[in-house]
$ cat protein.cif   # mmCIF, C-alpha atoms
data_model
loop_
_atom_site.group_PDB
_atom_site.id
_atom_site.type_symbol
_atom_site.label_atom_id
_atom_site.label_comp_id
_atom_site.auth_asym_id
_atom_site.auth_seq_id
_atom_site.Cartn_x
_atom_site.Cartn_y
_atom_site.Cartn_z
ATOM 1 C CA MET A 1 31.809 -38.970 -11.796
ATOM 2 C CA GLY A 2 28.400 -37.458 -12.317
ATOM 3 C CA LEU A 3 27.413 -38.106 -8.682
ATOM 4 C CA LYS A 4 30.597 -36.458 -7.388
ATOM 5 C CA THR A 5 29.952 -33.444 -9.574
ATOM 6 C CA GLU A 6 26.399 -33.111 -8.236
ATOM 7 C CA ILE A 7 27.613 -33.392 -4.644
ATOM 8 C CA ALA A 8 30.338 -30.828 -5.239
ATOM 9 C CA THR A 9 27.839 -28.478 -6.840
ATOM 10 C CA ALA A 10 25.232 -28.861 -4.102
ATOM 11 C CA ALA A 11 27.654 -28.611 -1.165
ATOM 12 C CA PRO A 12 28.103 -24.799 -1.145
ATOM 13 C CA VAL A 13 24.351 -24.274 -1.278
ATOM 14 C CA GLN A 14 23.714 -25.556 2.246
ATOM 15 C CA PRO A 15 25.953 -23.055 4.073
ATOM 16 C CA ALA A 16 24.429 -20.235 2.010
ATOM 17 C CA ALA A 17 20.900 -21.370 2.916
ATOM 18 C CA LYS A 18 21.862 -21.672 6.579
ATOM 19 C CA GLY A 19 23.397 -18.200 6.501
ATOM 20 C CA MET A 20 20.246 -16.748 4.968
ATOM 21 C CA LEU A 21 18.103 -18.490 7.593
ATOM 22 C CA ARG A 22 20.325 -17.112 10.367
ATOM 23 C CA ASN A 23 19.992 -13.593 8.946
ATOM 24 C CA ILE A 24 16.196 -13.847 8.789
ATOM 25 C CA THR A 25 16.020 -15.263 12.328
ATOM 26 C CA SER A 26 18.311 -12.527 13.581
ATOM 27 C CA ARG A 27 16.179 -9.800 11.987
ATOM 28 C CA VAL A 28 13.002 -11.288 13.476
ATOM 29 C CA LYS A 29 14.580 -11.448 16.945
ATOM 30 C CA TRP A 30 15.835 -7.866 16.752
ATOM 31 C CA GLY A 31 12.445 -6.704 15.472
ATOM 32 C CA ILE A 32 10.512 -8.424 18.272
ATOM 33 C CA GLY A 33 13.030 -7.201 20.834
ATOM 34 C CA SER A 34 12.776 -3.578 19.702
ATOM 35 C CA VAL A 35 8.964 -3.708 19.844
ATOM 36 C CA LEU A 36 9.027 -5.162 23.367
ATOM 37 C CA VAL A 37 11.494 -2.514 24.544
ATOM 38 C CA PHE A 38 9.302 0.215 23.060
ATOM 39 C CA LEU A 39 6.123 -1.134 24.707
ATOM 40 C CA LEU A 40 7.790 -1.548 28.116
ATOM 41 C CA SER A 41 9.264 1.953 27.919
ATOM 42 C CA TRP A 42 5.868 3.358 26.955
ATOM 43 C CA GLU A 43 4.171 1.522 29.854
ATOM 44 C CA PHE A 44 6.665 2.700 32.476
ATOM 45 C CA VAL A 45 6.839 6.289 31.214
ATOM 46 C CA ALA A 46 3.070 6.577 31.599
ATOM 47 C CA ALA A 47 2.951 4.616 34.870
ATOM 48 C CA LEU A 48 5.639 6.823 36.451
ATOM 49 C CA ARG A 49 3.826 9.899 35.080
ATOM 50 C CA LEU A 50 6.912 11.214 33.354
ATOM 51 C CA VAL A 51 4.363 12.237 30.732
ATOM 52 C CA ASP A 52 0.681 12.765 31.452
ATOM 53 C CA PRO A 53 -1.086 9.437 30.605
ATOM 54 C CA GLN A 54 -4.026 11.422 29.276
ATOM 55 C CA TYR A 55 -1.910 12.305 26.238
ATOM 56 C CA ILE A 56 -0.001 9.065 25.592
ATOM 57 C CA SER A 57 -2.108 6.411 27.397
ATOM 58 C CA GLN A 58 -0.468 3.036 28.223
ATOM 59 C CA PRO A 59 -0.234 -0.241 26.285
ATOM 60 C CA SER A 60 -2.247 -2.042 28.973
ATOM 61 C CA HIS A 61 -5.018 0.570 28.754
ATOM 62 C CA VAL A 62 -4.965 0.448 24.945
ATOM 63 C CA VAL A 63 -5.469 -3.336 25.090
ATOM 64 C CA GLY A 64 -8.356 -2.889 27.507
ATOM 65 C CA ALA A 65 -10.003 -0.285 25.285
ATOM 66 C CA GLY A 66 -9.498 -2.557 22.294
ATOM 67 C CA ILE A 67 -11.207 -5.477 24.022
ATOM 68 C CA LYS A 68 -14.189 -3.263 24.863
ATOM 69 C CA LEU A 69 -14.412 -2.165 21.215
ATOM 70 C CA LEU A 70 -14.117 -5.707 19.912
ATOM 71 C CA VAL A 71 -17.077 -6.947 21.967
ATOM 72 C CA THR A 72 -19.350 -4.301 20.453
ATOM 73 C CA GLY A 73 -20.977 -4.515 17.042
ATOM 74 C CA ASP A 74 -20.147 -0.917 16.081
ATOM 75 C CA PHE A 75 -16.472 -1.664 15.522
ATOM 76 C CA TYR A 76 -17.071 -4.529 13.118
ATOM 77 C CA TYR A 77 -19.628 -2.560 11.147
ATOM 78 C CA SER A 78 -17.260 0.409 10.880
ATOM 79 C CA ALA A 79 -14.364 -1.846 9.879
ATOM 80 C CA TYR A 80 -16.562 -3.464 7.210
ATOM 81 C CA ILE A 81 -17.563 -0.055 5.784
ATOM 82 C CA SER A 82 -13.951 1.131 5.656
ATOM 83 C CA LEU A 83 -12.707 -2.086 4.009
ATOM 84 C CA VAL A 84 -15.437 -1.973 1.347
ATOM 85 C CA GLU A 85 -14.591 1.646 0.541
ATOM 86 C CA LEU A 86 -10.868 0.932 0.529
ATOM 87 C CA VAL A 87 -10.934 -2.232 -1.585
ATOM 88 C CA THR A 88 -13.447 -0.851 -4.101
ATOM 89 C CA GLY A 89 -11.610 2.426 -4.628
ATOM 90 C CA PHE A 90 -8.236 0.683 -4.733
ATOM 91 C CA ILE A 91 -9.289 -1.897 -7.345
ATOM 92 C CA LEU A 92 -10.723 0.872 -9.551
ATOM 93 C CA ALA A 93 -7.490 2.852 -9.160
ATOM 94 C CA VAL A 94 -5.352 -0.138 -10.181
ATOM 95 C CA LEU A 95 -7.486 -0.912 -13.240
ATOM 96 C CA VAL A 96 -7.633 2.674 -14.460
ATOM 97 C CA GLY A 97 -4.044 3.511 -13.464
ATOM 98 C CA VAL A 98 -2.486 0.541 -15.256
ATOM 99 C CA ALA A 99 -4.622 0.908 -18.395
ATOM 100 C CA LEU A 100 -4.132 4.671 -18.672
ATOM 101 C CA GLY A 101 -0.449 4.367 -17.759
ATOM 102 C CA LEU A 102 0.144 1.851 -20.550
ATOM 103 C CA LEU A 103 -1.467 4.191 -23.081
ATOM 104 C CA MET A 104 0.226 7.370 -21.824
ATOM 105 C CA GLY A 105 3.590 5.668 -21.574
ATOM 106 C CA HIS A 106 3.473 4.237 -25.092
ATOM 107 C CA TYR A 107 1.581 6.868 -27.069
ATOM 108 C CA ARG A 108 3.179 10.285 -26.694
ATOM 109 C CA ILE A 109 0.060 12.033 -28.050
ATOM 110 C CA ILE A 110 -2.160 10.545 -25.335
ATOM 111 C CA GLY A 111 0.489 11.365 -22.749
ATOM 112 C CA GLY A 112 0.614 14.968 -23.924
ATOM 113 C CA LEU A 113 -3.181 15.289 -23.813
ATOM 114 C CA PHE A 114 -3.708 13.888 -20.332
ATOM 115 C CA ASP A 115 -0.464 14.876 -18.588
ATOM 116 C CA PRO A 116 -1.246 18.572 -17.762
ATOM 117 C CA MET A 117 -4.697 17.772 -16.365
ATOM 118 C CA LEU A 118 -3.499 14.795 -14.330
ATOM 119 C CA MET A 119 -0.493 16.646 -12.937
ATOM 120 C CA ALA A 120 -2.724 19.560 -11.889
ATOM 121 C CA LEU A 121 -5.064 17.093 -10.190
ATOM 122 C CA TYR A 122 -2.099 15.369 -8.541
ATOM 123 C CA ALA A 123 -0.838 18.680 -7.111
ATOM 124 C CA THR A 124 -4.250 19.597 -5.676
ATOM 125 C CA PRO A 125 -4.651 18.701 -1.970
ATOM 126 C CA ARG A 126 -7.225 15.949 -1.429
ATOM 127 C CA MET A 127 -8.772 17.806 1.513
ATOM 128 C CA ALA A 128 -9.663 20.717 -0.752
ATOM 129 C CA MET A 129 -11.510 18.379 -3.112
ATOM 130 C CA ILE A 130 -13.548 16.404 -0.560
ATOM 131 C CA PRO A 131 -16.431 18.943 -0.442
ATOM 132 C CA LEU A 132 -16.695 18.644 -4.220
ATOM 133 C CA PHE A 133 -16.756 14.856 -3.990
ATOM 134 C CA VAL A 134 -19.529 15.081 -1.386
ATOM 135 C CA ILE A 135 -21.563 17.277 -3.737
ATOM 136 C CA TRP A 136 -21.037 14.786 -6.567
ATOM 137 C CA PHE A 137 -21.482 11.493 -4.706
ATOM 138 C CA GLY A 138 -23.251 12.438 -1.465
ATOM 139 C CA VAL A 139 -22.246 11.657 2.123
ATOM 140 C CA GLY A 140 -22.453 7.888 1.658
ATOM 141 C CA MET A 141 -19.814 5.423 0.544
ATOM 142 C CA GLY A 142 -19.510 6.886 -2.966
ATOM 143 C CA SER A 143 -17.583 9.990 -1.914
ATOM 144 C CA LYS A 144 -15.103 7.972 0.203
ATOM 145 C CA ILE A 145 -14.581 5.450 -2.596
ATOM 146 C CA PHE A 146 -13.727 8.307 -4.939
ATOM 147 C CA VAL A 147 -11.289 9.786 -2.404
ATOM 148 C CA VAL A 148 -9.545 6.393 -2.199
ATOM 149 C CA PHE A 149 -9.595 6.130 -5.996
ATOM 150 C CA ILE A 150 -7.958 9.536 -6.491
ATOM 151 C CA GLY A 151 -5.375 8.894 -3.771
ATOM 152 C CA ALA A 152 -4.329 5.455 -5.039
ATOM 153 C CA LEU A 153 -4.545 6.310 -8.743
ATOM 154 C CA PHE A 154 -1.463 8.479 -9.101
ATOM 155 C CA PRO A 155 1.200 6.149 -7.640
ATOM 156 C CA VAL A 156 -0.065 3.371 -9.919
ATOM 157 C CA LEU A 157 -0.360 5.659 -12.948
ATOM 158 C CA ILE A 158 3.013 7.391 -12.592
ATOM 159 C CA ASN A 159 4.912 4.162 -11.914
ATOM 160 C CA THR A 160 3.232 2.467 -14.878
ATOM 161 C CA ILE A 161 4.182 5.328 -17.202
ATOM 162 C CA THR A 162 7.754 5.255 -15.904
ATOM 163 C CA GLY A 163 7.959 1.480 -16.310
ATOM 164 C CA ILE A 164 6.637 1.605 -19.894
ATOM 165 C CA ARG A 165 9.114 4.304 -20.902
ATOM 166 C CA GLN A 166 12.003 2.324 -19.432
ATOM 167 C CA VAL A 167 11.291 -0.817 -21.473
ATOM 168 C CA ASP A 168 14.264 -1.648 -23.689
ATOM 169 C CA ARG A 169 13.718 -0.110 -27.143
ATOM 170 C CA ILE A 170 15.613 -3.012 -28.710
ATOM 171 C CA LEU A 171 12.937 -5.434 -27.513
ATOM 172 C CA ILE A 172 10.222 -3.231 -29.002
ATOM 173 C CA ARG A 173 11.974 -3.010 -32.381
ATOM 174 C CA ALA A 174 12.615 -6.757 -32.365
ATOM 175 C CA ALA A 175 8.950 -7.504 -31.649
ATOM 176 C CA ARG A 176 7.824 -5.190 -34.416
ATOM 177 C CA SER A 177 10.302 -6.685 -36.844
ATOM 178 C CA TYR A 178 8.672 -10.077 -36.226
ATOM 179 C CA GLY A 179 5.256 -8.606 -37.015
ATOM 180 C CA ALA A 180 3.889 -8.177 -33.479
ATOM 181 C CA THR A 181 0.559 -6.376 -33.247
ATOM 182 C CA GLU A 182 -0.094 -3.518 -30.806
ATOM 183 C CA TRP A 183 -1.956 -5.904 -28.493
ATOM 184 C CA GLN A 184 0.983 -8.328 -28.553
ATOM 185 C CA LEU A 185 3.368 -5.460 -27.819
ATOM 186 C CA PHE A 186 1.337 -4.489 -24.756
ATOM 187 C CA THR A 187 0.891 -8.023 -23.429
ATOM 188 C CA LYS A 188 4.246 -9.581 -24.379
ATOM 189 C CA VAL A 189 6.692 -6.663 -24.150
ATOM 190 C CA PHE A 190 5.395 -3.592 -22.320
ATOM 191 C CA LEU A 191 3.457 -5.245 -19.490
ATOM 192 C CA PRO A 192 6.181 -7.770 -18.509
ATOM 193 C CA GLY A 193 8.881 -5.118 -18.842
ATOM 194 C CA ALA A 194 7.006 -2.585 -16.723
ATOM 195 C CA LEU A 195 5.719 -5.136 -14.174
ATOM 196 C CA PRO A 196 8.237 -4.304 -11.399
ATOM 197 C CA ALA A 197 7.383 -0.587 -11.605
ATOM 198 C CA ILE A 198 3.648 -1.339 -11.747
ATOM 199 C CA LEU A 199 3.808 -3.545 -8.637
ATOM 200 C CA THR A 200 5.758 -0.850 -6.796
ATOM 201 C CA GLY A 201 3.069 1.661 -7.733
ATOM 202 C CA ILE A 202 0.349 -0.702 -6.504
ATOM 203 C CA ARG A 203 2.149 -1.118 -3.188
ATOM 204 C CA LEU A 204 2.452 2.663 -2.777
ATOM 205 C CA GLY A 205 -1.142 3.143 -3.887
ATOM 206 C CA TRP A 206 -2.387 0.894 -1.071
ATOM 207 C CA GLY A 207 -0.929 3.270 1.517
ATOM 208 C CA ARG A 208 -2.401 6.307 -0.237
ATOM 209 C CA GLY A 209 -5.753 4.538 -0.402
ATOM 210 C CA ILE A 210 -5.787 3.943 3.362
ATOM 211 C CA LEU A 211 -4.933 7.594 3.916
ATOM 212 C CA GLY A 212 -7.799 8.574 1.624
ATOM 213 C CA VAL A 213 -10.437 6.447 3.338
ATOM 214 C CA VAL A 214 -9.465 7.664 6.816
ATOM 215 C CA ILE A 215 -9.414 11.335 5.787
ATOM 216 C CA GLY A 216 -12.704 10.977 3.921
ATOM 217 C CA GLU A 217 -14.425 9.355 6.881
ATOM 218 C CA MET A 218 -13.031 11.907 9.311
ATOM 219 C CA TYR A 219 -14.362 14.704 7.131
ATOM 220 C CA VAL A 220 -17.900 13.466 6.465
ATOM 221 C CA ALA A 221 -19.236 10.071 7.559
ATOM 222 C CA MET A 222 -21.481 8.391 10.089
ATOM 223 C CA ALA A 223 -19.523 5.117 10.203
ATOM 224 C CA GLY A 224 -16.070 3.757 9.435
ATOM 225 C CA LEU A 225 -12.715 3.605 11.184
ATOM 226 C CA GLY A 226 -11.926 7.197 10.242
ATOM 227 C CA TYR A 227 -15.209 8.322 11.798
ATOM 228 C CA MET A 228 -14.418 6.362 14.983
ATOM 229 C CA ILE A 229 -10.922 7.912 15.103
ATOM 230 C CA SER A 230 -12.393 11.397 14.770
ATOM 231 C CA THR A 231 -14.994 10.694 17.472
ATOM 232 C CA ALA A 232 -12.397 9.271 19.885
ATOM 233 C CA GLY A 233 -10.081 12.227 19.288
ATOM 234 C CA ASN A 234 -12.835 14.788 19.913
ATOM 235 C CA ALA A 235 -13.780 12.994 23.144
ATOM 236 C CA MET A 236 -10.111 12.771 24.296
ATOM 237 C CA GLN A 237 -10.407 8.966 24.485
ATOM 238 C CA THR A 238 -6.690 8.341 24.024
ATOM 239 C CA ASP A 239 -6.846 4.605 24.749
ATOM 240 C CA ARG A 240 -9.471 4.004 22.066
ATOM 241 C CA LEU A 241 -7.717 6.378 19.680
ATOM 242 C CA PHE A 242 -4.412 4.492 19.893
ATOM 243 C CA PHE A 243 -6.163 1.161 19.356
ATOM 244 C CA LEU A 244 -7.952 2.398 16.237
ATOM 245 C CA ILE A 245 -4.737 3.881 14.862
ATOM 246 C CA LEU A 246 -3.005 0.516 15.400
ATOM 247 C CA ILE A 247 -5.825 -1.237 13.532
ATOM 248 C CA VAL A 248 -5.412 1.101 10.560
ATOM 249 C CA ALA A 249 -1.634 0.662 10.693
ATOM 250 C CA GLY A 250 -2.121 -3.121 10.767
ATOM 251 C CA ILE A 251 -4.319 -3.014 7.651
ATOM 252 C CA GLY A 252 -1.654 -0.971 5.901
ATOM 253 C CA PHE A 253 1.136 -3.315 6.989
ATOM 254 C CA LEU A 254 -0.695 -6.472 5.945
ATOM 255 C CA GLY A 255 -1.581 -5.076 2.538
ATOM 256 C CA THR A 256 1.899 -3.709 1.875
ATOM 257 C CA SER A 257 3.518 -6.991 2.955
ATOM 258 C CA ALA A 258 1.177 -8.993 0.704
ATOM 259 C CA PHE A 259 1.961 -6.828 -2.323
ATOM 260 C CA GLN A 260 5.668 -7.008 -1.538
ATOM 261 C CA ARG A 261 5.522 -10.813 -1.478
ATOM 262 C CA LEU A 262 3.582 -10.768 -4.750
ATOM 263 C CA GLU A 263 6.255 -8.535 -6.251
ATOM 264 C CA GLN A 264 9.007 -10.914 -5.120
ATOM 265 C CA LYS A 265 7.121 -13.896 -6.536
ATOM 266 C CA LEU A 266 6.365 -12.329 -9.926
ATOM 267 C CA THR A 267 9.740 -10.643 -10.379
ATOM 268 C CA PRO A 268 12.335 -12.968 -8.760
ATOM 269 C CA TYR A 269 14.955 -11.833 -11.273
ATOM 270 C CA ARG A 270 15.119 -8.431 -9.572
ATOM 271 C CA GLU A 271 16.452 -9.982 -6.363
ATOM 272 C CA GLU A 272 18.987 -11.966 -8.369
ATOM 273 C CA GLN A 273 20.169 -8.798 -10.086
ATOM 274 C CA GLN A 274 20.405 -6.950 -6.765
ATOM 275 C CA GLY A 275 22.284 -9.850 -5.193
ATOM 276 C CA ALA A 276 24.711 -9.937 -8.117
#

$ encode --input "protein.cif" --output "structure tokens"
Amino acid sequence: MGLKTEIATAAPVQPAAKGMLRNITSRVKWGIGSVLVFLLSWEFVAALRLVDPQYISQPSHVVGAGIKLLVTGDFYYSAYISLVELVTGFILAVLVGVALGLLMGHYRIIGGLFDPMLMALYATPRMAMIPLFVIWFGVGMGSKIFVVFIGALFPVLINTITGIRQVDRILIRAARSYGATEWQLFTKVFLPGALPAILTGIRLGWGRGILGVVIGEMYVAMAGLGYMISTAGNAMQTDRLFFLILIVAGIGFLGTSAFQRLEQKLTPYREEQQGA
């Protein structure tokens, strides 16, 4: 009887798993197909000179320019500089954004003190602040790290505050009724409850961080991917420019995908709720 029950319970799972696998395979096929169609269209439009190739280049020329860049040491050094600036500024933004967001979200007094200043800073264009950052930190890596930090900070901070304020008040009162300390409230109630919002903020902050490092290096730098993009654009080297843009886009895609997978792994109950 028990064996029959187990078989009956497990039987519907297989068609569901197969259906999910078919959906994933179908999405991958459509995605690859759309990319191939786009690349072929781009190649033929430029080859037939429907648009001047000087402005849009061709995929084959972009690959050739990329190979030339990859065999030189300048590209790897610039990529290393950009990654160090990006990762350093991003990690600082996550640490400060989560910590400050927890405090501002929970303590209304701290939120009231910091909110006007942070919102004014958030509304200020980053480009207008870069000269100030250069004065403070110089033309080296410090100014670009701070640009990344400021850009990535606000998505993490705002999402953390929102997540903290959306934690169920009943859970907070129940924890306090059992004698939970403030540290236990933060670690056992607020942080787990706000985790989905925090991870979303981290994922958004990664994109803002990449934008910050590229803009900072385009403005003032002697190395980095942003500097190479600016140099290629000024020299009208469209092939090289497209390749560098694709590299930056690839870094953004890989980071966003990794954080999305982390979010799915740490908060699997969200998918179950959405599926229900």

$ closest_residue --input "protein.cif" --among "A:Ala123, A:Val71, A:Met141, A:Val134" --to "Gly89 (chain A)" --atoms "all atoms listed in the file"
A:Met141

$ atom_distance --input "protein.cif" --atom1 "CA of Ile245 (chain A)" --atom2 "CA of Ile202 (chain A)"
22.4 Å

$ residues_around --input "protein.cif" --residues "Ser82 (chain A)" --least-positions-apart "2" --cutoff "10 Å" --atoms "all atoms listed in the file" --output "list of chain:residue names"
A:Tyr76, A:Tyr77, A:Ser78, A:Ala79, A:Tyr80, A:Val84, A:Glu85, A:Leu86, A:Val87, A:Thr88, A:Met141, A:Lys144, A:Ile145, A:Ile210, A:Val213, A:Val214, A:Glu217, A:Ala223, A:Gly224, A:Leu225, A:Gly226, A:Tyr227, A:Val248

$ atom_distance --input "protein.cif" --atom1 "CA of Thr181 (chain A)" --atom2 "CA of Ile91 (chain A)"
28.1 Å

$ closest_residue --input "protein.cif" --among "A:Leu244, A:Ile161, A:Leu153, A:Ile56" --to "Leu204 (chain A)" --atoms "all atoms listed in the file"
A:Leu153

$ residues_near_point --input "protein.cif" --point "(-10.7, -2.4, 16.1)" --cutoff "7 Å" --atoms "only C-alpha atoms" --output "JSON, numbers by chain"
{"A": [66, 69, 70, 75, 243, 244, 247]}

$ write_last_selection --input "protein.cif" --atoms "C-alpha atoms" --output "compact mmCIF listing (two decimals), keeping the file's coordinate frame"
# COMPACT_ATOMS: atom_id res chain seq x y z
CA GLY A 66 -9.50 -2.56 22.29
CA LEU A 69 -14.41 -2.16 21.22
CA LEU A 70 -14.12 -5.71 19.91
CA PHE A 75 -16.47 -1.66 15.52
CA PHE A 243 -6.16 1.16 19.36
CA LEU A 244 -7.95 2.40 16.24
CA ILE A 247 -5.82 -1.24 13.53

$ atom_distance --input "protein.cif" --atom1 "CA of Gly216 (chain A)" --atom2 "CA of Asp239 (chain A)"
22.6 Å

$ residues_near_point --input "protein.cif" --point "(11.6, -3.4, -32.3)" --cutoff "12 Å" --atoms "only C-alpha atoms" --output "mmCIF file with C-alpha atoms, in the coordinates of the input"
data_model
loop_
_atom_site.group_PDB
_atom_site.id
_atom_site.type_symbol
_atom_site.label_atom_id
_atom_site.label_comp_id
_atom_site.auth_asym_id
_atom_site.auth_seq_id
_atom_site.Cartn_x
_atom_site.Cartn_y
_atom_site.Cartn_z
ATOM 1 C CA VAL A 167 11.291 -0.817 -21.473
ATOM 2 C CA ASP A 168 14.264 -1.648 -23.689
ATOM 3 C CA ARG A 169 13.718 -0.110 -27.143
ATOM 4 C CA ILE A 170 15.613 -3.012 -28.710
ATOM 5 C CA LEU A 171 12.937 -5.434 -27.513
ATOM 6 C CA ILE A 172 10.222 -3.231 -29.002
ATOM 7 C CA ARG A 173 11.974 -3.010 -32.381
ATOM 8 C CA ALA A 174 12.615 -6.757 -32.365
ATOM 9 C CA ALA A 175 8.950 -7.504 -31.649
ATOM 10 C CA ARG A 176 7.824 -5.190 -34.416
ATOM 11 C CA SER A 177 10.302 -6.685 -36.844
ATOM 12 C CA TYR A 178 8.672 -10.077 -36.226
ATOM 13 C CA GLY A 179 5.256 -8.606 -37.015
ATOM 14 C CA ALA A 180 3.889 -8.177 -33.479
ATOM 15 C CA THR A 181 0.559 -6.376 -33.247
ATOM 16 C CA GLU A 182 -0.094 -3.518 -30.806
ATOM 17 C CA LEU A 185 3.368 -5.460 -27.819
ATOM 18 C CA VAL A 189 6.692 -6.663 -24.150
ATOM 19 C CA PHE A 190 5.395 -3.592 -22.320
#

$ resolve_selection --input "protein.cif" --expression "the PyMOL selection byres ((chain A and resi 193) around 12)" --output "VMD selection string"
chain A and resid 102 160 to 169 171 to 172 185 to 192 194 to 199 266 to 267 269 to 270

$ closest_residue --input "protein.cif" --among "A:Leu118, A:Phe259, A:Ile81, A:Leu40" --to "Gly142 (chain A)" --atoms "only C-alpha atoms"
A:Ile81

$ decode --input "protein.cif" --residues "region 173-186 of chain A" --atoms "N, CA, C and O atoms" --output "short mmCIF file (atom, residue, chain, number, x, y, z; two decimals), in the first residue's frame"
data_model
loop_
_atom_site.label_atom_id
_atom_site.label_comp_id
_atom_site.auth_asym_id
_atom_site.auth_seq_id
_atom_site.Cartn_x
_atom_site.Cartn_y
_atom_site.Cartn_z
N ARG A 173 6.87 41.74 16.81
CA ARG A 173 6.27 41.73 18.16
C ARG A 173 6.44 40.36 18.82
O ARG A 173 6.70 40.27 20.03
N ALA A 174 6.32 39.30 18.04
CA ALA A 174 6.50 37.96 18.60
C ALA A 174 7.93 37.75 19.09
O ALA A 174 8.16 37.19 20.17
N ALA A 175 8.91 38.22 18.31
CA ALA A 175 10.31 38.08 18.72
C ALA A 175 10.59 38.87 20.00
O ALA A 175 11.27 38.39 20.90
N ARG A 176 10.04 40.06 20.07
CA ARG A 176 10.25 40.88 21.26
C ARG A 176 9.55 40.28 22.48
O ARG A 176 10.06 40.36 23.61
N SER A 177 8.40 39.68 22.25
CA SER A 177 7.69 39.07 23.37
C SER A 177 8.45 37.89 23.96
O SER A 177 8.29 37.55 25.14
N TYR A 178 9.29 37.26 23.13
CA TYR A 178 10.12 36.15 23.61
C TYR A 178 11.49 36.63 24.12
O TYR A 178 12.37 35.83 24.39
N GLY A 179 11.65 37.94 24.22
CA GLY A 179 12.86 38.50 24.80
C GLY A 179 14.03 38.64 23.84
O GLY A 179 15.18 38.66 24.29
N ALA A 180 13.77 38.75 22.54
CA ALA A 180 14.85 38.89 21.57
C ALA A 180 15.57 40.23 21.74
O ALA A 180 14.93 41.26 21.94
N THR A 181 16.88 40.20 21.64
CA THR A 181 17.67 41.43 21.70
C THR A 181 17.63 42.12 20.33
O THR A 181 17.15 41.56 19.34
N GLU A 182 18.16 43.35 20.29
CA GLU A 182 18.19 44.08 19.01
C GLU A 182 19.04 43.34 17.98
O GLU A 182 18.68 43.28 16.80
N TRP A 183 20.16 42.77 18.42
CA TRP A 183 21.01 42.01 17.50
C TRP A 183 20.26 40.80 16.94
O TRP A 183 20.35 40.49 15.75
N GLN A 184 19.53 40.10 17.81
CA GLN A 184 18.74 38.95 17.37
C GLN A 184 17.62 39.36 16.43
O GLN A 184 17.30 38.65 15.48
N LEU A 185 17.03 40.53 16.68
CA LEU A 185 16.00 41.04 15.76
C LEU A 185 16.59 41.27 14.36
O LEU A 185 15.98 40.90 13.35
N PHE A 186 17.77 41.88 14.32
CA PHE A 186 18.40 42.16 13.03
C PHE A 186 18.78 40.87 12.29
O PHE A 186 18.55 40.75 11.09
#
